[in-house]
>>> print(open('target03.pdb').read())   # PDB, C-alpha atoms
ATOM      1  CA  MET J   1      33.280   3.732   0.971  1.00  0.00           C
ATOM      2  CA  LYS J   2      29.500   4.137   0.861  1.00  0.00           C
ATOM      3  CA  ILE J   3      29.481   4.393  -2.948  1.00  0.00           C
ATOM      4  CA  LEU J   4      31.887   1.462  -3.311  1.00  0.00           C
ATOM      5  CA  ARG J   5      29.764  -0.703  -1.010  1.00  0.00           C
ATOM      6  CA  ALA J   6      26.590   0.220  -2.880  1.00  0.00           C
ATOM      7  CA  GLY J   7      28.240  -0.497  -6.236  1.00  0.00           C
ATOM      8  CA  TRP J   8      29.419  -3.906  -5.045  1.00  0.00           C
ATOM      9  CA  ARG J   9      25.966  -4.716  -3.715  1.00  0.00           C
ATOM     10  CA  LEU J  10      24.354  -3.805  -7.024  1.00  0.00           C
ATOM     11  CA  LEU J  11      26.790  -5.924  -9.021  1.00  0.00           C
ATOM     12  CA  ARG J  12      25.913  -8.920  -6.886  1.00  0.00           C
ATOM     13  CA  VAL J  13      22.193  -8.097  -7.097  1.00  0.00           C
ATOM     14  CA  LEU J  14      22.425  -7.949 -10.905  1.00  0.00           C
ATOM     15  CA  ALA J  15      24.079 -11.363 -10.982  1.00  0.00           C
ATOM     16  CA  HIS J  16      21.356 -12.703  -8.679  1.00  0.00           C
ATOM     17  CA  LEU J  17      18.597 -11.268 -10.881  1.00  0.00           C
ATOM     18  CA  LEU J  18      20.139 -12.824 -13.975  1.00  0.00           C
ATOM     19  CA  ASN J  19      20.398 -16.141 -12.156  1.00  0.00           C
ATOM     20  CA  GLY J  20      16.727 -15.840 -11.204  1.00  0.00           C
ATOM     21  CA  ALA J  21      15.793 -15.254 -14.841  1.00  0.00           C
ATOM     22  CA  TRP J  22      17.770 -18.357 -15.833  1.00  0.00           C
ATOM     23  CA  ILE J  23      16.065 -20.449 -13.129  1.00  0.00           C
ATOM     24  CA  ILE J  24      12.603 -19.414 -14.329  1.00  0.00           C
ATOM     25  CA  ARG J  25      13.454 -20.141 -17.949  1.00  0.00           C
ATOM     26  CA  ARG J  26      15.252 -23.449 -17.396  1.00  0.00           C
ATOM     27  CA  ARG J  27      14.045 -25.002 -14.132  1.00  0.00           C
ATOM     28  CA  PHE J  28      10.581 -23.771 -13.166  1.00  0.00           C
ATOM     29  CA  GLY J  29       8.784 -25.890 -15.720  1.00  0.00           C
ATOM     30  CA  ARG J  30      10.174 -29.088 -14.160  1.00  0.00           C
ATOM     31  CA  LEU J  31       9.222 -28.248 -10.566  1.00  0.00           C
ATOM     32  CA  ASP J  32       5.972 -28.869  -8.712  1.00  0.00           C
ATOM     33  CA  PHE J  33       4.144 -26.144  -6.782  1.00  0.00           C
ATOM     34  CA  GLU J  34       5.859 -26.767  -3.437  1.00  0.00           C
ATOM     35  CA  GLN J  35       9.320 -26.817  -5.025  1.00  0.00           C
ATOM     36  CA  ARG J  36       8.635 -23.548  -6.815  1.00  0.00           C
ATOM     37  CA  GLN J  37       7.487 -21.900  -3.599  1.00  0.00           C
ATOM     38  CA  ALA J  38      10.608 -23.043  -1.760  1.00  0.00           C
ATOM     39  CA  LEU J  39      12.819 -21.788  -4.579  1.00  0.00           C
ATOM     40  CA  VAL J  40      11.088 -18.390  -4.692  1.00  0.00           C
ATOM     41  CA  GLN J  41      11.467 -18.016  -0.924  1.00  0.00           C
ATOM     42  CA  ASP J  42      15.167 -18.937  -0.935  1.00  0.00           C
ATOM     43  CA  TRP J  43      15.905 -16.637  -3.898  1.00  0.00           C
ATOM     44  CA  SER J  44      14.063 -13.728  -2.236  1.00  0.00           C
ATOM     45  CA  ARG J  45      15.892 -14.163   1.048  1.00  0.00           C
ATOM     46  CA  ARG J  46      19.223 -14.172  -0.768  1.00  0.00           C
ATOM     47  CA  LEU J  47      18.334 -10.958  -2.586  1.00  0.00           C
ATOM     48  CA  LEU J  48      17.496  -9.206   0.685  1.00  0.00           C
ATOM     49  CA  GLY J  49      20.827 -10.367   2.083  1.00  0.00           C
ATOM     50  CA  LEU J  50      22.712  -9.010  -0.938  1.00  0.00           C
ATOM     51  CA  LEU J  51      21.069  -5.621  -0.364  1.00  0.00           C
ATOM     52  CA  GLY J  52      22.092  -5.704   3.298  1.00  0.00           C
ATOM     53  CA  LEU J  53      18.471  -5.739   4.406  1.00  0.00           C
ATOM     54  CA  GLN J  54      17.305  -7.577   7.535  1.00  0.00           C
ATOM     55  CA  LEU J  55      13.861  -9.173   7.756  1.00  0.00           C
ATOM     56  CA  GLN J  56      11.832  -9.083  10.954  1.00  0.00           C
ATOM     57  CA  VAL J  57       8.502 -10.927  11.235  1.00  0.00           C
ATOM     58  CA  HIS J  58       6.122  -9.991  14.043  1.00  0.00           C
ATOM     59  CA  GLY J  59       3.357 -12.513  14.589  1.00  0.00           C
ATOM     60  CA  GLU J  60       2.719 -16.024  13.341  1.00  0.00           C
ATOM     61  CA  LEU J  61       2.764 -16.676   9.612  1.00  0.00           C
ATOM     62  CA  PRO J  62      -0.046 -18.859   8.214  1.00  0.00           C
ATOM     63  CA  GLY J  63       0.601 -22.408   7.090  1.00  0.00           C
ATOM     64  CA  ARG J  64      -0.375 -24.097   3.855  1.00  0.00           C
ATOM     65  CA  GLY J  65      -3.751 -23.736   2.234  1.00  0.00           C
ATOM     66  CA  PRO J  66      -5.682 -21.245   0.073  1.00  0.00           C
ATOM     67  CA  LEU J  67      -5.434 -17.692   1.347  1.00  0.00           C
ATOM     68  CA  LEU J  68      -5.640 -14.114   0.117  1.00  0.00           C
ATOM     69  CA  VAL J  69      -2.877 -11.938   1.571  1.00  0.00           C
ATOM     70  CA  LEU J  70      -3.518  -8.180   1.782  1.00  0.00           C
ATOM     71  CA  ALA J  71      -0.560  -5.866   2.373  1.00  0.00           C
ATOM     72  CA  ASN J  72       0.123  -2.142   2.258  1.00  0.00           C
ATOM     73  CA  HIS J  73       2.344  -0.983  -0.598  1.00  0.00           C
ATOM     74  CA  ILE J  74       5.514   1.108  -0.265  1.00  0.00           C
ATOM     75  CA  SER J  75       8.117  -0.189  -2.699  1.00  0.00           C
ATOM     76  CA  TRP J  76       9.009  -2.520  -5.570  1.00  0.00           C
ATOM     77  CA  LEU J  77      10.814  -4.381  -2.786  1.00  0.00           C
ATOM     78  CA  ASP J  78       7.518  -5.363  -1.106  1.00  0.00           C
ATOM     79  CA  ILE J  79       7.072  -8.401  -3.366  1.00  0.00           C
ATOM     80  CA  ILE J  80      10.553  -9.660  -2.493  1.00  0.00           C
ATOM     81  CA  VAL J  81      10.050  -9.088   1.241  1.00  0.00           C
ATOM     82  CA  ILE J  82       6.708 -10.915   1.345  1.00  0.00           C
ATOM     83  CA  ASN J  83       8.031 -13.790  -0.742  1.00  0.00           C
ATOM     84  CA  ALA J  84      11.010 -14.132   1.599  1.00  0.00           C
ATOM     85  CA  ALA J  85       8.604 -14.796   4.479  1.00  0.00           C
ATOM     86  CA  LEU J  86       5.512 -16.205   2.771  1.00  0.00           C
ATOM     87  CA  PRO J  87       5.778 -17.119  -0.948  1.00  0.00           C
ATOM     88  CA  CYS J  88       2.657 -16.019  -2.847  1.00  0.00           C
ATOM     89  CA  ARG J  89       1.270 -15.668  -6.333  1.00  0.00           C
ATOM     90  CA  PHE J  90       0.932 -11.884  -6.673  1.00  0.00           C
ATOM     91  CA  VAL J  91      -1.796  -9.893  -8.363  1.00  0.00           C
ATOM     92  CA  SER J  92       0.033  -6.885  -9.808  1.00  0.00           C
ATOM     93  CA  LYS J  93      -0.724  -3.987 -12.085  1.00  0.00           C
ATOM     94  CA  SER J  94       0.444  -4.564 -15.650  1.00  0.00           C
ATOM     95  CA  ASP J  95       3.136  -1.850 -15.363  1.00  0.00           C
ATOM     96  CA  VAL J  96       5.245  -4.259 -13.299  1.00  0.00           C
ATOM     97  CA  ARG J  97       5.922  -6.226 -16.479  1.00  0.00           C
ATOM     98  CA  GLN J  98       8.011  -3.278 -17.727  1.00  0.00           C
ATOM     99  CA  TRP J  99      10.360  -3.214 -14.737  1.00  0.00           C
ATOM    100  CA  PRO J 100      13.884  -4.185 -15.851  1.00  0.00           C
ATOM    101  CA  LEU J 101      14.589  -7.849 -14.967  1.00  0.00           C
ATOM    102  CA  ILE J 102      12.344  -7.742 -11.877  1.00  0.00           C
ATOM    103  CA  GLY J 103       9.213  -7.567 -14.037  1.00  0.00           C
ATOM    104  CA  GLY J 104      10.225 -10.717 -15.885  1.00  0.00           C
ATOM    105  CA  LEU J 105      10.884 -12.513 -12.627  1.00  0.00           C
ATOM    106  CA  VAL J 106       7.488 -11.523 -11.191  1.00  0.00           C
ATOM    107  CA  GLU J 107       5.737 -12.662 -14.360  1.00  0.00           C
ATOM    108  CA  GLY J 108       7.726 -15.890 -14.538  1.00  0.00           C
ATOM    109  CA  SER J 109       6.845 -16.775 -10.964  1.00  0.00           C
ATOM    110  CA  GLY J 110       3.142 -16.904 -11.868  1.00  0.00           C
ATOM    111  CA  ALA J 111       1.806 -13.406 -11.139  1.00  0.00           C
ATOM    112  CA  LEU J 112      -1.638 -12.367 -12.337  1.00  0.00           C
ATOM    113  CA  PHE J 113      -1.555  -8.972 -14.062  1.00  0.00           C
ATOM    114  CA  ILE J 114      -4.402  -6.483 -14.093  1.00  0.00           C
ATOM    115  CA  GLU J 115      -5.098  -3.424 -16.274  1.00  0.00           C
ATOM    116  CA  ARG J 116      -6.490  -1.167 -13.554  1.00  0.00           C
ATOM    117  CA  ASP J 117      -7.969   1.324 -16.036  1.00  0.00           C
ATOM    118  CA  ARG J 118     -10.153  -1.341 -17.654  1.00  0.00           C
ATOM    119  CA  ARG J 119     -13.205  -2.457 -15.664  1.00  0.00           C
ATOM    120  CA  ARG J 120     -13.640  -5.622 -17.724  1.00  0.00           C
ATOM    121  CA  ASP J 121     -10.055  -6.639 -17.040  1.00  0.00           C
ATOM    122  CA  ALA J 122     -10.659  -6.277 -13.309  1.00  0.00           C
ATOM    123  CA  MET J 123     -13.529  -8.758 -13.583  1.00  0.00           C
ATOM    124  CA  ARG J 124     -11.332 -11.149 -15.566  1.00  0.00           C
ATOM    125  CA  VAL J 125      -8.675 -11.078 -12.858  1.00  0.00           C
ATOM    126  CA  VAL J 126     -11.269 -11.574 -10.085  1.00  0.00           C
ATOM    127  CA  HIS J 127     -12.425 -14.752 -11.835  1.00  0.00           C
ATOM    128  CA  LEU J 128      -8.809 -15.927 -12.165  1.00  0.00           C
ATOM    129  CA  MET J 129      -8.192 -15.199  -8.482  1.00  0.00           C
ATOM    130  CA  ALA J 130     -11.237 -17.225  -7.467  1.00  0.00           C
ATOM    131  CA  GLU J 131     -10.057 -20.059  -9.691  1.00  0.00           C
ATOM    132  CA  ARG J 132      -6.577 -20.061  -8.140  1.00  0.00           C
ATOM    133  CA  LEU J 133      -7.960 -19.874  -4.580  1.00  0.00           C
ATOM    134  CA  ARG J 134     -10.161 -22.888  -5.235  1.00  0.00           C
ATOM    135  CA  ALA J 135      -7.070 -24.675  -6.572  1.00  0.00           C
ATOM    136  CA  GLY J 136      -5.320 -24.074  -3.231  1.00  0.00           C
ATOM    137  CA  ASP J 137      -3.025 -21.161  -4.141  1.00  0.00           C
ATOM    138  CA  ARG J 138      -1.912 -18.419  -1.785  1.00  0.00           C
ATOM    139  CA  LEU J 139      -2.510 -15.080  -3.513  1.00  0.00           C
ATOM    140  CA  ALA J 140      -1.289 -11.621  -2.506  1.00  0.00           C
ATOM    141  CA  VAL J 141      -2.638  -8.188  -3.447  1.00  0.00           C
ATOM    142  CA  PHE J 142      -1.860  -4.565  -2.625  1.00  0.00           C
ATOM    143  CA  PRO J 143      -5.392  -3.167  -2.175  1.00  0.00           C
ATOM    144  CA  GLU J 144      -4.246   0.483  -2.078  1.00  0.00           C
ATOM    145  CA  GLY J 145      -3.611   0.136  -5.807  1.00  0.00           C
ATOM    146  CA  THR J 146      -0.441   2.241  -5.711  1.00  0.00           C
ATOM    147  CA  THR J 147       2.596   2.852  -3.532  1.00  0.00           C
ATOM    148  CA  GLY J 148       2.696   5.270  -0.610  1.00  0.00           C
ATOM    149  CA  ASP J 149       5.536   6.579   1.527  1.00  0.00           C
ATOM    150  CA  GLY J 150       4.587   4.428   4.518  1.00  0.00           C
ATOM    151  CA  SER J 151       3.285   7.351   6.598  1.00  0.00           C
ATOM    152  CA  SER J 152      -0.417   6.612   6.018  1.00  0.00           C
ATOM    153  CA  LEU J 153      -2.743   4.004   4.561  1.00  0.00           C
ATOM    154  CA  LEU J 154      -4.616   4.828   1.340  1.00  0.00           C
ATOM    155  CA  PRO J 155      -8.200   3.630   0.660  1.00  0.00           C
ATOM    156  CA  PHE J 156      -8.534  -0.018  -0.383  1.00  0.00           C
ATOM    157  CA  HIS J 157      -9.898  -1.158  -3.763  1.00  0.00           C
ATOM    158  CA  ALA J 158     -12.712  -3.395  -2.563  1.00  0.00           C
ATOM    159  CA  ASN J 159     -13.063  -5.267  -5.878  1.00  0.00           C
ATOM    160  CA  LEU J 160      -9.849  -7.162  -5.109  1.00  0.00           C
ATOM    161  CA  LEU J 161     -11.688  -8.823  -2.214  1.00  0.00           C
ATOM    162  CA  GLN J 162     -14.481 -10.186  -4.394  1.00  0.00           C
ATOM    163  CA  ALA J 163     -12.649 -13.457  -5.072  1.00  0.00           C
ATOM    164  CA  ALA J 164     -12.353 -14.142  -1.332  1.00  0.00           C
ATOM    165  CA  VAL J 165     -16.028 -13.261  -0.830  1.00  0.00           C
ATOM    166  CA  ALA J 166     -17.154 -15.549  -3.665  1.00  0.00           C
ATOM    167  CA  THR J 167     -15.014 -18.510  -2.572  1.00  0.00           C
ATOM    168  CA  GLU J 168     -15.446 -17.924   1.193  1.00  0.00           C
ATOM    169  CA  MET J 169     -11.673 -18.006   1.615  1.00  0.00           C
ATOM    170  CA  PRO J 170      -9.827 -16.252   4.461  1.00  0.00           C
ATOM    171  CA  VAL J 171      -7.871 -13.024   4.135  1.00  0.00           C
ATOM    172  CA  GLN J 172      -4.530 -12.555   5.882  1.00  0.00           C
ATOM    173  CA  LEU J 173      -3.419  -9.004   6.686  1.00  0.00           C
ATOM    174  CA  ILE J 174       0.300  -8.229   6.542  1.00  0.00           C
ATOM    175  CA  GLY J 175       1.619  -4.783   7.422  1.00  0.00           C
ATOM    176  CA  LEU J 176       4.888  -3.655   5.833  1.00  0.00           C
ATOM    177  CA  GLN J 177       7.347  -1.174   7.286  1.00  0.00           C
ATOM    178  CA  TYR J 178      10.911  -0.237   6.383  1.00  0.00           C
ATOM    179  CA  THR J 179      12.806   0.964   9.426  1.00  0.00           C
ATOM    180  CA  ASP J 180      16.247   1.857  10.719  1.00  0.00           C
ATOM    181  CA  ALA J 181      17.465  -1.076  12.819  1.00  0.00           C
ATOM    182  CA  ARG J 182      19.150   1.264  15.313  1.00  0.00           C
ATOM    183  CA  SER J 183      16.488   3.914  15.855  1.00  0.00           C
ATOM    184  CA  GLY J 184      13.360   1.971  14.870  1.00  0.00           C
ATOM    185  CA  LEU J 185      12.188   4.993  12.853  1.00  0.00           C
ATOM    186  CA  ARG J 186      10.788   4.827   9.324  1.00  0.00           C
ATOM    187  CA  HIS J 187      13.462   4.452   6.627  1.00  0.00           C
ATOM    188  CA  ASP J 188      12.583   6.035   3.282  1.00  0.00           C
ATOM    189  CA  ALA J 189      15.316   4.484   1.125  1.00  0.00           C
ATOM    190  CA  PRO J 190      13.107   1.806  -0.529  1.00  0.00           C
ATOM    191  CA  THR J 191      10.137   4.097  -1.244  1.00  0.00           C
ATOM    192  CA  TYR J 192       8.977   4.087  -4.857  1.00  0.00           C
ATOM    193  CA  ILE J 193       6.504   6.931  -5.296  1.00  0.00           C
ATOM    194  CA  GLY J 194       5.880   9.934  -7.524  1.00  0.00           C
ATOM    195  CA  ASP J 195       8.630  10.588 -10.043  1.00  0.00           C
ATOM    196  CA  THR J 196      11.089   8.236  -8.353  1.00  0.00           C
ATOM    197  CA  SER J 197      12.494   5.732 -10.834  1.00  0.00           C
ATOM    198  CA  LEU J 198      13.106   2.078 -10.088  1.00  0.00           C
ATOM    199  CA  LEU J 199      16.855   2.587 -10.443  1.00  0.00           C
ATOM    200  CA  GLU J 200      16.805   5.548  -8.022  1.00  0.00           C
ATOM    201  CA  SER J 201      14.982   3.502  -5.412  1.00  0.00           C
ATOM    202  CA  LEU J 202      17.328   0.571  -5.939  1.00  0.00           C
ATOM    203  CA  TRP J 203      20.395   2.808  -5.575  1.00  0.00           C
ATOM    204  CA  ARG J 204      19.098   4.393  -2.354  1.00  0.00           C
ATOM    205  CA  THR J 205      18.381   0.935  -0.954  1.00  0.00           C
ATOM    206  CA  ALA J 206      21.869  -0.292  -1.846  1.00  0.00           C
ATOM    207  CA  CYS J 207      23.414   2.778  -0.178  1.00  0.00           C
ATOM    208  CA  ALA J 208      21.442   2.345   3.051  1.00  0.00           C
ATOM    209  CA  THR J 209      22.890   0.999   6.276  1.00  0.00           C
ATOM    210  CA  GLY J 210      20.894  -0.579   9.071  1.00  0.00           C
ATOM    211  CA  LEU J 211      17.868  -1.036   6.832  1.00  0.00           C
ATOM    212  CA  GLN J 212      15.302  -3.615   7.880  1.00  0.00           C
ATOM    213  CA  ALA J 213      11.921  -4.735   6.600  1.00  0.00           C
ATOM    214  CA  GLU J 214       9.284  -5.485   9.216  1.00  0.00           C
ATOM    215  CA  LEU J 215       6.242  -7.656   8.563  1.00  0.00           C
ATOM    216  CA  HIS J 216       3.379  -7.352  11.031  1.00  0.00           C
ATOM    217  CA  VAL J 217       1.153 -10.411  10.662  1.00  0.00           C
ATOM    218  CA  GLY J 218      -2.504 -10.033  11.582  1.00  0.00           C
ATOM    219  CA  GLU J 219      -5.183 -12.627  12.209  1.00  0.00           C
ATOM    220  CA  ALA J 220      -6.833 -14.421   9.286  1.00  0.00           C
ATOM    221  CA  ASP J 221     -10.347 -13.086   8.692  1.00  0.00           C
ATOM    222  CA  THR J 222     -13.376 -14.171   6.646  1.00  0.00           C
ATOM    223  CA  ALA J 223     -16.211 -12.123   5.174  1.00  0.00           C
ATOM    224  CA  GLN J 224     -18.796 -13.409   7.688  1.00  0.00           C
ATOM    225  CA  GLY J 225     -21.651 -12.102   5.560  1.00  0.00           C
ATOM    226  CA  ARG J 226     -20.118  -8.692   4.874  1.00  0.00           C
ATOM    227  CA  ASP J 227     -20.052  -7.302   1.358  1.00  0.00           C
ATOM    228  CA  ARG J 228     -16.663  -6.508  -0.142  1.00  0.00           C
ATOM    229  CA  ARG J 229     -16.786  -2.751   0.562  1.00  0.00           C
ATOM    230  CA  THR J 230     -17.684  -3.152   4.219  1.00  0.00           C
ATOM    231  CA  TRP J 231     -15.076  -5.852   4.640  1.00  0.00           C
ATOM    232  CA  ALA J 232     -12.393  -3.823   2.820  1.00  0.00           C
ATOM    233  CA  GLU J 233     -12.926  -0.837   5.121  1.00  0.00           C
ATOM    234  CA  ALA J 234     -12.817  -3.039   8.233  1.00  0.00           C
ATOM    235  CA  LEU J 235      -9.557  -4.612   7.042  1.00  0.00           C
ATOM    236  CA  ARG J 236      -8.080  -1.202   6.248  1.00  0.00           C
ATOM    237  CA  ARG J 237      -8.870   0.070   9.723  1.00  0.00           C
ATOM    238  CA  GLU J 238      -7.418  -3.032  11.329  1.00  0.00           C
ATOM    239  CA  LEU J 239      -4.189  -2.746   9.320  1.00  0.00           C
ATOM    240  CA  ALA J 240      -3.886   0.972  10.090  1.00  0.00           C
ATOM    241  CA  GLN J 241      -4.265   0.229  13.795  1.00  0.00           C
ATOM    242  CA  ARG J 242      -1.641  -2.524  13.604  1.00  0.00           C
ATOM    243  CA  LEU J 243       0.830  -0.187  11.889  1.00  0.00           C
ATOM    244  CA  ASP J 244      -0.251   2.884  13.911  1.00  0.00           C
ATOM    245  CA  LEU J 245      -1.013   4.849  10.738  1.00  0.00           C
ATOM    246  CA  PRO J 246      -3.613   7.531   9.952  1.00  0.00           C
ATOM    247  CA  LEU J 247      -6.420   6.900   7.455  1.00  0.00           C
ATOM    248  CA  PRO J 248      -6.713   9.685   4.824  1.00  0.00           C
ATOM    249  CA  ASP J 249      -9.882   9.744   2.732  1.00  0.00           C
TER     250      ASP J 249
END
>>> encode(input="target03.pdb", output="structure tokens")
Amino acid sequence: MKILRAGWRLLRVLAHLLNGAWIIRRRFGRLDFEQRQALVQDWSRRLLGLLGLQLQVHGELPGRGPLLVLANHISWLDIIVINAALPCRFVSKSDVRQWPLIGGLVEGSGALFIERDRRRDAMRVVHLMAERLRAGDRLAVFPEGTTGDGSSLLPFHANLLQAAVATEMPVQLIGLQYTDARSGLRHDAPTYIGDTSLLESLWRTACATGLQAELHVGEADTAQGRDRRTWAEALRRELAQRLDLPLPD
């Protein structure tokens, strides 16, 4: 029964992904910003439902206006979960483009891609982020730079905060956790680390029961004269405290 349920879920997820690709190709160009955000949020919520995943939001989500969202990174699913609660334009590493179907959807929804191994490209993306913040966009980044298993919080890449420093825009912390709805303990099904493939992570997620995504919303913060490194470390410590996670060097 478990395999049959997972197979049925994945068939429906595939159909939903294909529908998302069609929407981006055929409809996105005719929609304004608010309509696109609403569509992205609805599509993301439907995908979570098809995977049997519940969404729990702790704290008050921010309203409209320019904002830089910082979140810890556990899974490919993180983008979907955040968009289901708070639609954003994501800043993602260029590898995401290669993800089957999902990469095309992320790119089509307006993501900014960065080549992390190229310093000049990082500066290019920082300028684009500042431009989009001034235009009123809500951006989201994963400052750890890679996925973890959810048991600790990796060091933050401070350069991703430069756009918020330069434009004096607020940063919104969001802590992500995947848990078992019955026990409240960490659920590892969605993790996407090491040699785990996207399909393996997707299959484990589809097989899971009682899986829920929890978003812990912090308070919006501004640089208040701090440089990006000092601010990044303060934000990392605050997020670790909110999620009750250790801070490895």
>>> residues_around(input="target03.pdb", residues="J:Arg26", least_positions_apart="6", cutoff="12 Å", atoms="all atoms listed in the file", output="compact mmCIF listing (two decimals) with C-alpha atoms, in the coordinates of the input")
# COMPACT_ATOMS: atom_id res chain seq x y z
CA ASN J 19 20.40 -16.14 -12.16
CA GLY J 20 16.73 -15.84 -11.20
CA GLY J 108 7.73 -15.89 -14.54
>>> atom_distance(input="target03.pdb", atom1="atom CA of J:Thr147", atom2="atom CA of J:Gly194")
8.8 Å
>>> resolve_selection(input="target03.pdb", expression="the PyMOL selection byres ((chain J and resi 190) around 9)", output="PyMOL selection string")
chain J and resi 74-77+178+187-189+191-192+201-205
>>> residues_around(input="target03.pdb", residues="stretch 121-137 of chain J", least_positions_apart="3", cutoff="8 Å", atoms="only C-alpha atoms", output="short mmCIF file (atom, residue, chain, number, x, y, z; two decimals) with C-alpha atoms, in the frame of the given file")
data_model
loop_
_atom_site.label_atom_id
_atom_site.label_comp_id
_atom_site.auth_asym_id
_atom_site.auth_seq_id
_atom_site.Cartn_x
_atom_site.Cartn_y
_atom_site.Cartn_z
CA GLY J 65 -3.75 -23.74 2.23
CA PRO J 66 -5.68 -21.24 0.07
CA LEU J 67 -5.43 -17.69 1.35
CA LEU J 68 -5.64 -14.11 0.12
CA CYS J 88 2.66 -16.02 -2.85
CA ARG J 89 1.27 -15.67 -6.33
CA LEU J 112 -1.64 -12.37 -12.34
CA PHE J 113 -1.56 -8.97 -14.06
CA ILE J 114 -4.40 -6.48 -14.09
CA GLU J 115 -5.10 -3.42 -16.27
CA ARG J 116 -6.49 -1.17 -13.55
CA ARG J 118 -10.15 -1.34 -17.65
CA ASN J 159 -13.06 -5.27 -5.88
CA LEU J 160 -9.85 -7.16 -5.11
CA GLN J 162 -14.48 -10.19 -4.39
CA ALA J 163 -12.65 -13.46 -5.07
CA ALA J 164 -12.35 -14.14 -1.33
CA ALA J 166 -17.15 -15.55 -3.66
CA THR J 167 -15.01 -18.51 -2.57
CA MET J 169 -11.67 -18.01 1.62
#
>>> atom_distance(input="target03.pdb", atom1="atom CA of J:Ile174", atom2="atom CA of J:Leu198")
23.4 Å
>>> resolve_selection(input="target03.pdb", expression="the PyMOL selection byres ((chain J and resi 40-47) around 6)", output="ChimeraX atom specification")
/J:37-39,48-50,80,83-84,87
>>> resolve_selection(input="target03.pdb", expression="the PyMOL selection byres ((chain J and resi 175) around 9)", output="ChimeraX atom specification")
/J:70-73,173-174,176-177,214-218,239-240,242-243
>>> residues_near_point(input="target03.pdb", point="(-23.0, -14.9, 1.8)", cutoff="9 Å", atoms="all atoms listed in the file", output="list in words")
Val165, Ala166, Glu168, Ala223, Gln224, Gly225, Arg226 and Asp227 of chain J
>>> closest_residue(input="target03.pdb", among="J:Arg36, J:Glu60, J:Ile102, J:Gln241", to="J:Leu199", atoms="only C-alpha atoms")
J:Ile102
>>> closest_residue(input="target03.pdb", among="J:Pro155, J:Gly104, J:Gly52, J:Gly7", to="J:Ile23", atoms="all atoms listed in the file")
J:Gly104
>>> atom_distance(input="target03.pdb", atom1="atom CA of J:Val69", atom2="atom CA of J:Ser94")
19.0 Å
>>> closest_residue(input="target03.pdb", among="J:Thr179, J:Ser152, J:Gln172, J:Thr222", to="J:Asp244", atoms="all atoms listed in the file")
J:Ser152
>>> closest_residue(input="target03.pdb", among="J:Gly184, J:Gly103, J:Gly150, J:Pro170", to="J:Leu211", atoms="all atoms listed in the file")
J:Gly184
>>> closest_residue(input="target03.pdb", among="J:Lys2, J:Val91, J:Val171, J:Gly148", to="J:Pro248", atoms="all atoms listed in the file")
J:Gly148
>>> closest_residue(input="target03.pdb", among="J:Ala232, J:Leu86, J:Arg182, J:Gly145", to="J:Ala158", atoms="only C-alpha atoms")
J:Ala232
>>> axis_aligned_box(input="target03.pdb", around="stretch 182-199 of chain J", padding_each_side="6 Å", output="JSON")
{"center_x": 12.5, "center_y": 5.9, "center_z": 2.5, "size_x": 25.3, "size_y": 21.3, "size_z": 38.7}
>>> build_atoms(input="target03.pdb", residues="stretch 30-41 of chain J", atoms="N, CA and C atoms", output="PDB file, in the coordinates of the input")
ATOM      1  N   ARG J  30       9.981 -27.713 -14.611  1.00  0.00           N
ATOM      2  CA  ARG J  30      10.174 -29.088 -14.160  1.00  0.00           C
ATOM      3  C   ARG J  30       9.861 -29.267 -12.681  1.00  0.00           C
ATOM      4  N   LEU J  31       9.454 -28.183 -12.010  1.00  0.00           N
ATOM      5  CA  LEU J  31       9.222 -28.248 -10.566  1.00  0.00           C
ATOM      6  C   LEU J  31       7.735 -28.270 -10.255  1.00  0.00           C
ATOM      7  N   ASP J  32       7.364 -28.928  -9.144  1.00  0.00           N
ATOM      8  CA  ASP J  32       5.972 -28.869  -8.712  1.00  0.00           C
ATOM      9  C   ASP J  32       5.754 -27.593  -7.893  1.00  0.00           C
ATOM     10  N   PHE J  33       4.509 -27.391  -7.452  1.00  0.00           N
ATOM     11  CA  PHE J  33       4.144 -26.144  -6.782  1.00  0.00           C
ATOM     12  C   PHE J  33       4.980 -25.902  -5.524  1.00  0.00           C
ATOM     13  N   GLU J  34       5.114 -26.918  -4.683  1.00  0.00           N
ATOM     14  CA  GLU J  34       5.859 -26.767  -3.437  1.00  0.00           C
ATOM     15  C   GLU J  34       7.330 -26.447  -3.695  1.00  0.00           C
ATOM     16  N   GLN J  35       7.915 -27.066  -4.698  1.00  0.00           N
ATOM     17  CA  GLN J  35       9.320 -26.817  -5.025  1.00  0.00           C
ATOM     18  C   GLN J  35       9.507 -25.389  -5.536  1.00  0.00           C
ATOM     19  N   ARG J  36       8.554 -24.925  -6.319  1.00  0.00           N
ATOM     20  CA  ARG J  36       8.635 -23.548  -6.815  1.00  0.00           C
ATOM     21  C   ARG J  36       8.554 -22.554  -5.673  1.00  0.00           C
ATOM     22  N   GLN J  37       7.633 -22.795  -4.744  1.00  0.00           N
ATOM     23  CA  GLN J  37       7.487 -21.900  -3.599  1.00  0.00           C
ATOM     24  C   GLN J  37       8.762 -21.834  -2.774  1.00  0.00           C
ATOM     25  N   ALA J  38       9.366 -22.991  -2.542  1.00  0.00           N
ATOM     26  CA  ALA J  38      10.608 -23.043  -1.760  1.00  0.00           C
ATOM     27  C   ALA J  38      11.728 -22.302  -2.478  1.00  0.00           C
ATOM     28  N   LEU J  39      11.781 -22.447  -3.797  1.00  0.00           N
ATOM     29  CA  LEU J  39      12.819 -21.788  -4.579  1.00  0.00           C
ATOM     30  C   LEU J  39      12.638 -20.274  -4.576  1.00  0.00           C
ATOM     31  N   VAL J  40      11.391 -19.822  -4.725  1.00  0.00           N
ATOM     32  CA  VAL J  40      11.088 -18.390  -4.692  1.00  0.00           C
ATOM     33  C   VAL J  40      11.465 -17.793  -3.335  1.00  0.00           C
ATOM     34  N   GLN J  41      11.144 -18.508  -2.265  1.00  0.00           N
ATOM     35  CA  GLN J  41      11.467 -18.016  -0.924  1.00  0.00           C
ATOM     36  C   GLN J  41      12.974 -17.921  -0.713  1.00  0.00           C
TER      37      GLN J  41
END
